[in-house]
$ cat coords-v8.txt   # compact mmCIF, C-alpha atoms and all ligand atoms
# COMPACT_ATOMS: atom_id res chain seq x y z
CA MET A 1 6.48 13.49 -3.88
CA ILE A 2 2.84 12.41 -4.38
CA ASP A 3 0.46 15.04 -5.69
CA PHE A 4 -3.24 14.67 -6.46
CA VAL A 5 -4.63 17.89 -7.93
CA ASN A 6 -8.39 17.90 -8.39
CA VAL A 7 -8.34 14.25 -9.38
CA LYS A 8 -11.58 12.75 -10.59
CA LYS A 9 -12.17 9.14 -11.45
CA ALA A 10 -15.20 7.83 -13.28
CA TYR A 11 -15.41 4.11 -14.01
CA PRO A 12 -16.75 2.99 -17.41
CA ASN A 13 -20.18 2.26 -15.90
CA GLY A 14 -20.47 5.90 -14.87
CA THR A 15 -19.66 5.55 -11.15
CA MET A 16 -17.84 8.66 -9.93
CA ALA A 17 -15.47 7.08 -7.44
CA LEU A 18 -13.36 10.22 -6.86
CA LYS A 19 -14.90 13.63 -7.31
CA GLY A 20 -12.01 16.06 -7.03
CA VAL A 21 -9.28 14.89 -4.69
CA ASN A 22 -6.46 17.21 -3.60
CA LEU A 23 -3.77 15.44 -1.63
CA HIS A 24 -0.09 16.10 -1.19
CA ILE A 25 2.18 13.57 0.49
CA ASP A 26 5.81 14.39 1.15
CA GLU A 27 8.69 11.98 0.96
CA GLY A 28 9.07 10.16 4.29
CA GLU A 29 5.52 10.76 5.50
CA PHE A 30 3.26 8.19 7.13
CA VAL A 31 -0.40 8.58 6.15
CA PHE A 32 -3.53 6.66 7.05
CA ILE A 33 -6.37 6.77 4.55
CA VAL A 34 -9.74 5.93 6.04
CA GLY A 35 -13.37 6.15 5.02
CA HIS A 36 -16.58 4.18 4.66
CA SER A 37 -16.95 1.26 2.28
CA GLY A 38 -17.19 2.66 -1.24
CA ALA A 39 -15.59 5.99 -0.26
CA GLY A 40 -12.91 5.59 -2.92
CA LYS A 41 -9.90 4.32 -0.95
CA THR A 42 -8.99 1.42 -3.20
CA THR A 43 -9.63 3.57 -6.25
CA LEU A 44 -7.08 6.06 -4.93
CA MET A 45 -4.60 3.23 -4.54
CA LYS A 46 -5.29 1.87 -8.03
CA LEU A 47 -4.66 5.30 -9.49
CA LEU A 48 -1.35 5.47 -7.65
CA LEU A 49 -0.38 2.05 -8.98
CA ARG A 50 -1.49 3.12 -12.43
CA GLU A 51 -3.82 0.11 -12.53
CA GLU A 52 -6.47 2.70 -13.35
CA LYS A 53 -6.08 6.07 -15.05
CA ILE A 54 -7.44 9.33 -13.71
CA SER A 55 -10.38 10.81 -15.61
CA SER A 56 -9.33 14.41 -15.04
CA GLY A 57 -7.03 16.51 -12.88
CA ARG A 58 -3.38 15.81 -12.33
CA LEU A 59 -1.52 13.02 -10.54
CA THR A 60 2.25 13.00 -10.17
CA VAL A 61 4.57 10.73 -8.19
CA SER A 62 8.20 11.88 -8.02
CA ASN A 63 8.91 12.82 -11.62
CA PHE A 64 6.22 10.62 -13.09
CA ASP A 65 3.11 12.21 -14.55
CA LEU A 66 0.66 9.31 -14.30
CA ALA A 67 -1.92 10.68 -16.72
CA ASN A 68 0.55 11.16 -19.53
CA MET A 69 2.85 8.21 -18.92
CA SER A 70 3.08 5.68 -21.73
CA ASP A 71 2.12 2.10 -20.88
CA LEU A 72 5.68 1.05 -21.65
CA ARG A 73 6.93 3.08 -18.70
CA VAL A 74 4.44 1.65 -16.22
CA PRO A 75 6.53 -1.37 -15.11
CA TYR A 76 9.51 0.92 -14.60
CA TYR A 77 7.39 3.39 -12.62
CA ARG A 78 5.95 0.61 -10.42
CA ARG A 79 9.39 -0.16 -9.04
CA GLU A 80 8.99 3.04 -7.02
CA LEU A 81 6.14 1.34 -5.17
CA GLY A 82 5.85 -1.61 -2.82
CA VAL A 83 2.34 -2.94 -2.45
CA VAL A 84 0.65 -4.88 0.32
CA PHE A 85 -2.84 -6.29 -0.13
CA GLN A 86 -5.23 -7.80 2.37
CA ASP A 87 -5.38 -11.10 0.49
CA PHE A 88 -1.78 -12.09 0.64
CA ARG A 89 -1.20 -13.45 -2.85
CA LEU A 90 1.84 -15.52 -1.85
CA PHE A 91 2.91 -18.40 -4.05
CA PRO A 92 1.90 -21.53 -2.11
CA LYS A 93 4.61 -23.73 -3.63
CA LYS A 94 7.46 -21.31 -3.08
CA THR A 95 9.26 -20.95 0.25
CA VAL A 96 9.36 -17.67 2.16
CA PHE A 97 12.80 -17.00 0.66
CA GLU A 98 11.61 -17.80 -2.87
CA ASN A 99 8.48 -15.66 -2.52
CA VAL A 100 10.61 -12.62 -1.72
CA ALA A 101 13.33 -13.53 -4.22
CA PHE A 102 10.77 -13.82 -7.01
CA ALA A 103 9.96 -10.11 -6.81
CA MET A 104 13.64 -9.41 -7.43
CA GLU A 105 14.02 -12.01 -10.18
CA VAL A 106 11.23 -10.50 -12.28
CA VAL A 107 13.10 -7.21 -12.48
CA GLY A 108 16.34 -8.95 -13.39
CA THR A 109 18.27 -8.68 -10.13
CA PRO A 110 21.50 -10.73 -10.18
CA ARG A 111 21.36 -13.93 -8.10
CA LYS A 112 24.26 -12.80 -5.97
CA LYS A 113 22.40 -9.70 -4.86
CA ILE A 114 19.20 -11.68 -4.22
CA VAL A 115 21.02 -14.13 -1.99
CA ARG A 116 22.50 -11.26 -0.02
CA ARG A 117 19.43 -9.06 0.21
CA VAL A 118 16.56 -11.48 0.93
CA PRO A 119 17.86 -12.58 4.37
CA ALA A 120 18.43 -8.95 5.32
CA ILE A 121 14.86 -8.02 4.42
CA LEU A 122 13.47 -11.06 6.24
CA ASN A 123 15.42 -9.89 9.23
CA THR A 124 13.82 -6.42 9.01
CA VAL A 125 10.35 -7.98 9.21
CA ASN A 126 11.39 -10.38 12.02
CA LEU A 127 11.22 -13.52 9.92
CA ALA A 128 14.86 -14.53 10.02
CA GLY A 129 14.19 -18.14 11.00
CA LYS A 130 11.42 -18.81 8.50
CA GLN A 131 13.08 -18.48 5.13
CA ASP A 132 12.74 -22.16 4.20
CA SER A 133 9.13 -22.51 5.34
CA PHE A 134 6.22 -22.66 2.92
CA PRO A 135 3.30 -20.25 3.35
CA HIS A 136 1.02 -22.97 4.75
CA GLU A 137 3.60 -23.70 7.46
CA ILE A 138 3.52 -20.18 8.97
CA SER A 139 0.85 -18.08 10.68
CA GLY A 140 -1.36 -15.48 9.03
CA GLY A 141 0.63 -12.67 10.63
CA GLU A 142 3.87 -14.20 9.41
CA GLN A 143 2.44 -14.57 5.92
CA GLN A 144 1.53 -10.91 5.92
CA ARG A 145 5.09 -10.10 6.95
CA VAL A 146 6.35 -12.08 3.97
CA VAL A 147 4.12 -9.89 1.82
CA LEU A 148 5.69 -6.87 3.45
CA ALA A 149 9.16 -8.28 2.80
CA ARG A 150 8.24 -8.83 -0.83
CA ALA A 151 6.97 -5.25 -1.08
CA LEU A 152 10.36 -4.08 0.21
CA ALA A 153 12.39 -6.36 -2.04
CA ASN A 154 13.18 -3.86 -4.76
CA ASN A 155 13.81 -1.01 -2.36
CA PRO A 156 10.79 1.13 -3.35
CA LYS A 157 10.40 4.72 -2.18
CA VAL A 158 6.76 4.24 -1.25
CA ILE A 159 4.90 1.43 0.50
CA ILE A 160 1.16 1.31 -0.09
CA ALA A 161 -0.94 -1.07 1.96
CA ASP A 162 -4.67 -1.64 1.38
CA GLU A 163 -6.22 -3.10 4.54
CA PRO A 164 -2.98 -4.89 5.48
CA THR A 165 -4.45 -6.05 8.77
CA GLY A 166 -7.91 -6.95 7.51
CA ASN A 167 -7.58 -10.68 8.10
CA LEU A 168 -5.49 -10.53 11.25
CA ASP A 169 -6.31 -10.64 14.95
CA PRO A 170 -5.62 -7.48 17.03
CA LYS A 171 -2.20 -8.64 18.23
CA MET A 172 -0.99 -9.47 14.74
CA SER A 173 -2.47 -6.24 13.42
CA LEU A 174 -0.40 -4.29 15.93
CA GLU A 175 2.69 -6.19 14.87
CA ILE A 176 2.16 -5.40 11.18
CA MET A 177 1.44 -1.76 11.98
CA SER A 178 4.57 -1.52 14.13
CA LEU A 179 6.57 -2.89 11.23
CA LEU A 180 5.07 -0.36 8.84
CA MET A 181 6.03 2.38 11.31
CA LYS A 182 9.54 0.97 11.50
CA ILE A 183 9.79 0.90 7.71
CA ASN A 184 8.66 4.54 7.72
CA ARG A 185 11.40 5.41 10.22
CA LEU A 186 13.88 3.73 7.87
CA GLY A 187 12.99 6.46 5.41
CA LYS A 188 10.12 5.20 3.28
CA THR A 189 6.88 6.97 2.55
CA VAL A 190 4.09 4.74 3.90
CA ILE A 191 0.40 4.92 2.99
CA VAL A 192 -1.98 2.65 4.88
CA ILE A 193 -5.63 2.22 3.99
CA THR A 194 -7.57 0.85 6.93
CA HIS A 195 -10.92 0.49 8.61
CA GLU A 196 -9.37 -0.07 12.00
CA LYS A 197 -10.11 2.98 14.08
CA ASP A 198 -8.25 1.65 17.12
CA LEU A 199 -5.01 1.38 15.15
CA VAL A 200 -5.40 4.82 13.66
CA ASP A 201 -6.06 6.36 17.06
CA TYR A 202 -3.18 4.50 18.63
CA TYR A 203 -0.48 5.62 16.23
CA LYS A 204 -1.41 9.33 16.06
CA GLN A 205 -0.20 9.89 12.51
CA ARG A 206 -1.63 11.93 9.69
CA VAL A 207 -5.15 10.77 8.82
CA VAL A 208 -6.91 11.51 5.55
CA ILE A 209 -10.65 10.81 5.63
CA LEU A 210 -12.45 10.09 2.38
CA LYS A 211 -16.21 10.34 2.08
CA ASP A 212 -18.16 9.73 -1.12
CA GLY A 213 -15.13 10.38 -3.30
CA LEU A 214 -13.92 13.52 -1.55
CA ILE A 215 -11.43 14.26 1.22
CA VAL A 216 -13.43 15.61 4.15
CA GLU A 217 -10.64 15.70 6.76
CA ASP A 218 -6.86 15.75 6.70
CA ARG A 219 -5.24 16.05 10.09
CA VAL A 220 -2.71 14.58 12.49
CA GLY A 221 -3.58 12.52 15.52
CA GLY A 222 -6.23 9.86 15.07
CA MET A 223 -9.89 9.69 14.18
CA PHE A 224 -11.27 10.52 17.62
CA ASN A 225 -14.89 9.47 17.78
CA GLU A 226 -15.93 10.28 14.29
CA GLU A 227 -18.05 7.90 12.27
CA VAL A 228 -16.53 7.26 8.88
N1 LIG A 301 -14.13 -1.37 -11.49
C1 LIG A 301 -15.15 -0.62 -11.05
N2 LIG A 301 -16.17 -0.30 -11.89
C2 LIG A 301 -17.18 0.47 -11.46
N3 LIG A 301 -17.29 0.98 -10.22
C3 LIG A 301 -16.32 0.68 -9.36
C4 LIG A 301 -15.21 -0.13 -9.72
N4 LIG A 301 -14.40 -0.26 -8.64
C5 LIG A 301 -14.98 0.45 -7.66
N5 LIG A 301 -16.14 1.01 -8.08
C6 LIG A 301 -17.04 1.89 -7.31
O1 LIG A 301 -16.31 3.04 -6.96
C7 LIG A 301 -16.63 3.47 -5.64
C8 LIG A 301 -15.36 3.45 -4.79
O2 LIG A 301 -14.91 2.11 -4.66
P1 LIG A 301 -13.58 1.75 -3.88
O3 LIG A 301 -13.29 0.30 -4.15
O4 LIG A 301 -12.54 2.73 -4.22
O5 LIG A 301 -14.06 1.93 -2.36
P2 LIG A 301 -13.30 1.65 -0.99
O6 LIG A 301 -13.27 2.92 -0.24
O7 LIG A 301 -12.02 0.95 -1.25
O8 LIG A 301 -14.32 0.65 -0.25
P3 LIG A 301 -14.02 -0.62 0.72
O9 LIG A 301 -13.77 -0.05 2.08
O10 LIG A 301 -15.31 -1.38 0.67
O11 LIG A 301 -12.87 -1.39 0.16
C9 LIG A 301 -17.73 2.50 -5.16
O12 LIG A 301 -18.96 3.10 -5.44
C10 LIG A 301 -17.51 1.28 -6.02
O13 LIG A 301 -18.71 0.57 -6.19
MG MG A 302 -11.25 -0.95 -0.77
$ encode --input "coords-v8.txt" --output "structure tokens"
Amino acid sequence: MIDFVNVKKAYPNGTMALKGVNLHIDEGEFVFIVGHSGAGKTTLMKLLLREEKISSGRLTVSNFDLANMSDLRVPYYRRELGVVFQDFRLFPKKTVFENVAFAMEVVGTPRKKIVRRVPAILNTVNLAGKQDSFPHEISGGEQQRVVLARALANNPKVIIADEPTGNLDPKMSLEIMSLLMKINRLGKTVIVITHEKDLVDYYKQRVVILKDGLIVEDRVGGMFNEEV
């Protein structure tokens, strides 16, 4: 479903962030993407989101050819993707319910469906009792689960998370990771960018290691003792 074929990305200042990436991810897979700071992880994610365009090669997601897609189609394409960032980007003056509902409102979902679906999603991420709380009234881990709920709101095929546990303590990190695994078992393709070796080792999933803009390892079962 996701196909990078010899993808290169040069930023306008000349930095070659990706130097020829080949990566195939099937529907329903769970993949960790790891690598040193500056390796190109966020760039890979931005290309997937079509926030940045590839410089050469080929990048397709489902039936979308990201290099040749018109800008008009981008918002439509992005509904295939649910995104989780490290910095939560919740609306401080909206409740938990409203934060999730907003993602559905912007794509024109009928109110009736929103009212039905939001509690169900909050239930999936174990936040059933918190729907009327404001972000400042809940913990960091709970806030991150709201972000996850929001990413799920429009029923995307793929969830992409860039350092979703970066600001969380180890216990909360485990909780978020367990939820991402659960979401994967519910049928979604999940891509997690992380620095946290312990988590990667613990979950024993496919691991793609980026180094200086290239994939240097792609295997199942943790990072072992490698320095990345
Ligand atoms: N907008 C930009 N313009 C120019 N260079 C950029 C831009 N964004 C990233 N880079 C460069 O591209 C390379 C890859 O950056 P990227 O953000 O993808 O790394 P990363 O693996 O996500 O790192 P980190 O773990 O620190 O988040 C780095 O050399 C970075 O300095
Ligand atoms: Mg990054």
$ residues_near_ligand --input "coords-v8.txt" --ligand "ligand MG 302 (chain A)" --cutoff "9 Å" --atoms "all atoms listed in the file" --output "ChimeraX atom specification"
/A:37-43,45,162-163,193-194
$ write_last_selection --input "coords-v8.txt" --atoms "C-alpha atoms" --output "short mmCIF file (atom, residue, chain, number, x, y, z; two decimals), in the frame of the given file"
data_model
loop_
_atom_site.label_atom_id
_atom_site.label_comp_id
_atom_site.auth_asym_id
_atom_site.auth_seq_id
_atom_site.Cartn_x
_atom_site.Cartn_y
_atom_site.Cartn_z
CA SER A 37 -16.95 1.26 2.28
CA GLY A 38 -17.19 2.66 -1.24
CA ALA A 39 -15.59 5.99 -0.26
CA GLY A 40 -12.91 5.59 -2.92
CA LYS A 41 -9.90 4.32 -0.95
CA THR A 42 -8.99 1.42 -3.20
CA THR A 43 -9.63 3.57 -6.25
CA MET A 45 -4.60 3.23 -4.54
CA ASP A 162 -4.67 -1.64 1.38
CA GLU A 163 -6.22 -3.10 4.54
CA ILE A 193 -5.63 2.22 3.99
CA THR A 194 -7.57 0.85 6.93
#
$ atom_distance --input "coords-v8.txt" --atom1 "atom CA of Asp212 of chain A" --atom2 "atom CA of Ala17 of chain A"
7.4 Å
$ residues_near_ligand --input "coords-v8.txt" --ligand "ligand LIG 301 (chain A)" --cutoff "12 Å" --atoms "all atoms listed in the file" --output "MDAnalysis selection string"
chainID A and resid 8:19 33:47 51:53 85:86 161:164 166 192:196 209:215 228
$ residues_around --input "coords-v8.txt" --residues "Leu72 of chain A" --least-positions-apart "5" --cutoff "12 Å" --atoms "only C-alpha atoms" --output "list in words"
Arg50, Tyr77 and Arg78 of chain A
$ closest_residue --input "coords-v8.txt" --among "A:Ile183, A:Val200, A:Leu168, A:Ile114" --to "Ser139 of chain A" --atoms "only C-alpha atoms"
A:Leu168
$ atom_distance --input "coords-v8.txt" --atom1 "atom CA of Asn126 of chain A" --atom2 "atom CA of Val83 of chain A"
18.6 Å
$ closest_residue --input "coords-v8.txt" --among "A:Leu174, A:Ile160, A:Leu48, A:Val115" --to "Ala101 of chain A" --atoms "only C-alpha atoms"
A:Val115
$ residues_around --input "coords-v8.txt" --residues "Pro75 of chain A" --least-positions-apart "5" --cutoff "12 Å" --atoms "all atoms listed in the file" --output "list in words"
Leu49, Arg50, Glu51, Met69, Ser70, Glu80, Leu81, Val106 and Val107 of chain A
$ residues_around --input "coords-v8.txt" --residues "Gln143 of chain A" --least-positions-apart "5" --cutoff "12 Å" --atoms "all atoms listed in the file" --output "PyMOL selection string"
chain A and resi 84-92+95-97+99-100+122+125-127+130-131+133-138+148-150+164-165+167-168+172+176
$ closest_residue --input "coords-v8.txt" --among "A:Lys204, A:Arg73, A:His24, A:Lys93" --to "Leu59 of chain A" --atoms "only C-alpha atoms"
A:His24
$ decode --input "coords-v8.txt" --residues "segment 117-152 of chain A" --atoms "N, CA and C atoms" --output "PDB file, in the first residue's frame"
ATOM      1  N   ARG A 117     -19.954   8.753  16.887  1.00  0.00           N
ATOM      2  CA  ARG A 117     -18.623   8.172  16.714  1.00  0.00           C
ATOM      3  C   ARG A 117     -17.606   8.614  17.779  1.00  0.00           C
ATOM      4  N   VAL A 118     -17.642   9.876  18.181  1.00  0.00           N
ATOM      5  CA  VAL A 118     -16.604  10.377  19.096  1.00  0.00           C
ATOM      6  C   VAL A 118     -16.547   9.552  20.398  1.00  0.00           C
ATOM      7  N   PRO A 119     -17.676   9.282  21.053  1.00  0.00           N
ATOM      8  CA  PRO A 119     -17.582   8.468  22.282  1.00  0.00           C
ATOM      9  C   PRO A 119     -17.004   7.075  22.020  1.00  0.00           C
ATOM     10  N   ALA A 120     -17.302   6.511  20.879  1.00  0.00           N
ATOM     11  CA  ALA A 120     -16.780   5.178  20.555  1.00  0.00           C
ATOM     12  C   ALA A 120     -15.257   5.220  20.411  1.00  0.00           C
ATOM     13  N   ILE A 121     -14.770   6.271  19.752  1.00  0.00           N
ATOM     14  CA  ILE A 121     -13.313   6.389  19.591  1.00  0.00           C
ATOM     15  C   ILE A 121     -12.652   6.640  20.942  1.00  0.00           C
ATOM     16  N   LEU A 122     -13.257   7.497  21.754  1.00  0.00           N
ATOM     17  CA  LEU A 122     -12.684   7.783  23.072  1.00  0.00           C
ATOM     18  C   LEU A 122     -12.635   6.512  23.908  1.00  0.00           C
ATOM     19  N   ASN A 123     -13.600   5.662  23.691  1.00  0.00           N
ATOM     20  CA  ASN A 123     -13.614   4.375  24.372  1.00  0.00           C
ATOM     21  C   ASN A 123     -12.434   3.498  23.919  1.00  0.00           C
ATOM     22  N   THR A 124     -12.168   3.506  22.618  1.00  0.00           N
ATOM     23  CA  THR A 124     -11.045   2.725  22.071  1.00  0.00           C
ATOM     24  C   THR A 124      -9.725   3.133  22.722  1.00  0.00           C
ATOM     25  N   VAL A 125      -9.551   4.426  22.983  1.00  0.00           N
ATOM     26  CA  VAL A 125      -8.282   4.888  23.561  1.00  0.00           C
ATOM     27  C   VAL A 125      -8.377   5.031  25.091  1.00  0.00           C
ATOM     28  N   ASN A 126      -9.366   4.386  25.681  1.00  0.00           N
ATOM     29  CA  ASN A 126      -9.537   4.355  27.148  1.00  0.00           C
ATOM     30  C   ASN A 126      -9.709   5.740  27.765  1.00  0.00           C
ATOM     31  N   LEU A 127     -10.504   6.560  27.113  1.00  0.00           N
ATOM     32  CA  LEU A 127     -10.753   7.904  27.652  1.00  0.00           C
ATOM     33  C   LEU A 127     -12.239   8.168  27.839  1.00  0.00           C
ATOM     34  N   ALA A 128     -12.988   7.103  28.030  1.00  0.00           N
ATOM     35  CA  ALA A 128     -14.446   7.236  28.059  1.00  0.00           C
ATOM     36  C   ALA A 128     -14.923   8.303  29.038  1.00  0.00           C
ATOM     37  N   GLY A 129     -14.314   8.388  30.211  1.00  0.00           N
ATOM     38  CA  GLY A 129     -14.823   9.312  31.226  1.00  0.00           C
ATOM     39  C   GLY A 129     -14.365  10.750  31.082  1.00  0.00           C
ATOM     40  N   LYS A 130     -13.558  11.046  30.078  1.00  0.00           N
ATOM     41  CA  LYS A 130     -12.888  12.351  30.040  1.00  0.00           C
ATOM     42  C   LYS A 130     -13.423  13.276  28.957  1.00  0.00           C
ATOM     43  N   GLN A 131     -14.552  12.953  28.363  1.00  0.00           N
ATOM     44  CA  GLN A 131     -14.906  13.695  27.150  1.00  0.00           C
ATOM     45  C   GLN A 131     -15.225  15.168  27.399  1.00  0.00           C
ATOM     46  N   ASP A 132     -15.618  15.514  28.629  1.00  0.00           N
ATOM     47  CA  ASP A 132     -15.938  16.917  28.898  1.00  0.00           C
ATOM     48  C   ASP A 132     -14.797  17.682  29.560  1.00  0.00           C
ATOM     49  N   SER A 133     -13.647  17.015  29.725  1.00  0.00           N
ATOM     50  CA  SER A 133     -12.493  17.703  30.316  1.00  0.00           C
ATOM     51  C   SER A 133     -11.794  18.557  29.263  1.00  0.00           C
ATOM     52  N   PHE A 134     -11.101  19.586  29.743  1.00  0.00           N
ATOM     53  CA  PHE A 134     -10.249  20.385  28.859  1.00  0.00           C
ATOM     54  C   PHE A 134      -8.828  19.826  28.915  1.00  0.00           C
ATOM     55  N   PRO A 135      -8.028  20.063  27.868  1.00  0.00           N
ATOM     56  CA  PRO A 135      -6.676  19.498  27.855  1.00  0.00           C
ATOM     57  C   PRO A 135      -5.875  19.755  29.131  1.00  0.00           C
ATOM     58  N   HIS A 136      -6.001  20.971  29.700  1.00  0.00           N
ATOM     59  CA  HIS A 136      -5.194  21.263  30.896  1.00  0.00           C
ATOM     60  C   HIS A 136      -5.685  20.492  32.127  1.00  0.00           C
ATOM     61  N   GLU A 137      -6.833  19.860  32.025  1.00  0.00           N
ATOM     62  CA  GLU A 137      -7.366  19.113  33.171  1.00  0.00           C
ATOM     63  C   GLU A 137      -6.998  17.627  33.130  1.00  0.00           C
ATOM     64  N   ILE A 138      -6.267  17.199  32.105  1.00  0.00           N
ATOM     65  CA  ILE A 138      -5.898  15.782  32.000  1.00  0.00           C
ATOM     66  C   ILE A 138      -4.383  15.636  31.894  1.00  0.00           C
ATOM     67  N   SER A 139      -3.901  14.421  32.114  1.00  0.00           N
ATOM     68  CA  SER A 139      -2.442  14.197  32.143  1.00  0.00           C
ATOM     69  C   SER A 139      -1.848  14.218  30.738  1.00  0.00           C
ATOM     70  N   GLY A 140      -0.514  14.265  30.691  1.00  0.00           N
ATOM     71  CA  GLY A 140       0.170  14.256  29.396  1.00  0.00           C
ATOM     72  C   GLY A 140      -0.147  13.013  28.585  1.00  0.00           C
ATOM     73  N   GLY A 141      -0.190  11.869  29.264  1.00  0.00           N
ATOM     74  CA  GLY A 141      -0.501  10.618  28.567  1.00  0.00           C
ATOM     75  C   GLY A 141      -1.928  10.616  28.032  1.00  0.00           C
ATOM     76  N   GLU A 142      -2.820  11.200  28.823  1.00  0.00           N
ATOM     77  CA  GLU A 142      -4.214  11.294  28.373  1.00  0.00           C
ATOM     78  C   GLU A 142      -4.343  12.252  27.198  1.00  0.00           C
ATOM     79  N   GLN A 143      -3.589  13.349  27.264  1.00  0.00           N
ATOM     80  CA  GLN A 143      -3.603  14.289  26.135  1.00  0.00           C
ATOM     81  C   GLN A 143      -3.132  13.596  24.858  1.00  0.00           C
ATOM     82  N   GLN A 144      -2.082  12.799  25.006  1.00  0.00           N
ATOM     83  CA  GLN A 144      -1.577  12.116  23.814  1.00  0.00           C
ATOM     84  C   GLN A 144      -2.609  11.111  23.287  1.00  0.00           C
ATOM     85  N   ARG A 145      -3.398  10.552  24.190  1.00  0.00           N
ATOM     86  CA  ARG A 145      -4.456   9.639  23.727  1.00  0.00           C
ATOM     87  C   ARG A 145      -5.580  10.385  23.018  1.00  0.00           C
ATOM     88  N   VAL A 146      -5.796  11.630  23.420  1.00  0.00           N
ATOM     89  CA  VAL A 146      -6.773  12.454  22.685  1.00  0.00           C
ATOM     90  C   VAL A 146      -6.261  12.685  21.254  1.00  0.00           C
ATOM     91  N   VAL A 147      -4.958  12.933  21.157  1.00  0.00           N
ATOM     92  CA  VAL A 147      -4.361  13.132  19.836  1.00  0.00           C
ATOM     93  C   VAL A 147      -4.553  11.870  18.982  1.00  0.00           C
ATOM     94  N   LEU A 148      -4.379  10.739  19.626  1.00  0.00           N
ATOM     95  CA  LEU A 148      -4.570   9.468  18.931  1.00  0.00           C
ATOM     96  C   LEU A 148      -6.037   9.308  18.495  1.00  0.00           C
ATOM     97  N   ALA A 149      -6.937   9.681  19.386  1.00  0.00           N
ATOM     98  CA  ALA A 149      -8.367   9.617  19.058  1.00  0.00           C
ATOM     99  C   ALA A 149      -8.673  10.525  17.868  1.00  0.00           C
ATOM    100  N   ARG A 150      -8.086  11.695  17.874  1.00  0.00           N
ATOM    101  CA  ARG A 150      -8.305  12.641  16.782  1.00  0.00           C
ATOM    102  C   ARG A 150      -7.753  12.081  15.465  1.00  0.00           C
ATOM    103  N   ALA A 151      -6.600  11.412  15.569  1.00  0.00           N
ATOM    104  CA  ALA A 151      -6.018  10.814  14.365  1.00  0.00           C
ATOM    105  C   ALA A 151      -6.929   9.726  13.797  1.00  0.00           C
ATOM    106  N   LEU A 152      -7.692   9.079  14.692  1.00  0.00           N
ATOM    107  CA  LEU A 152      -8.572   7.986  14.254  1.00  0.00           C
ATOM    108  C   LEU A 152      -9.933   8.478  13.771  1.00  0.00           C
TER     109      LEU A 152
END
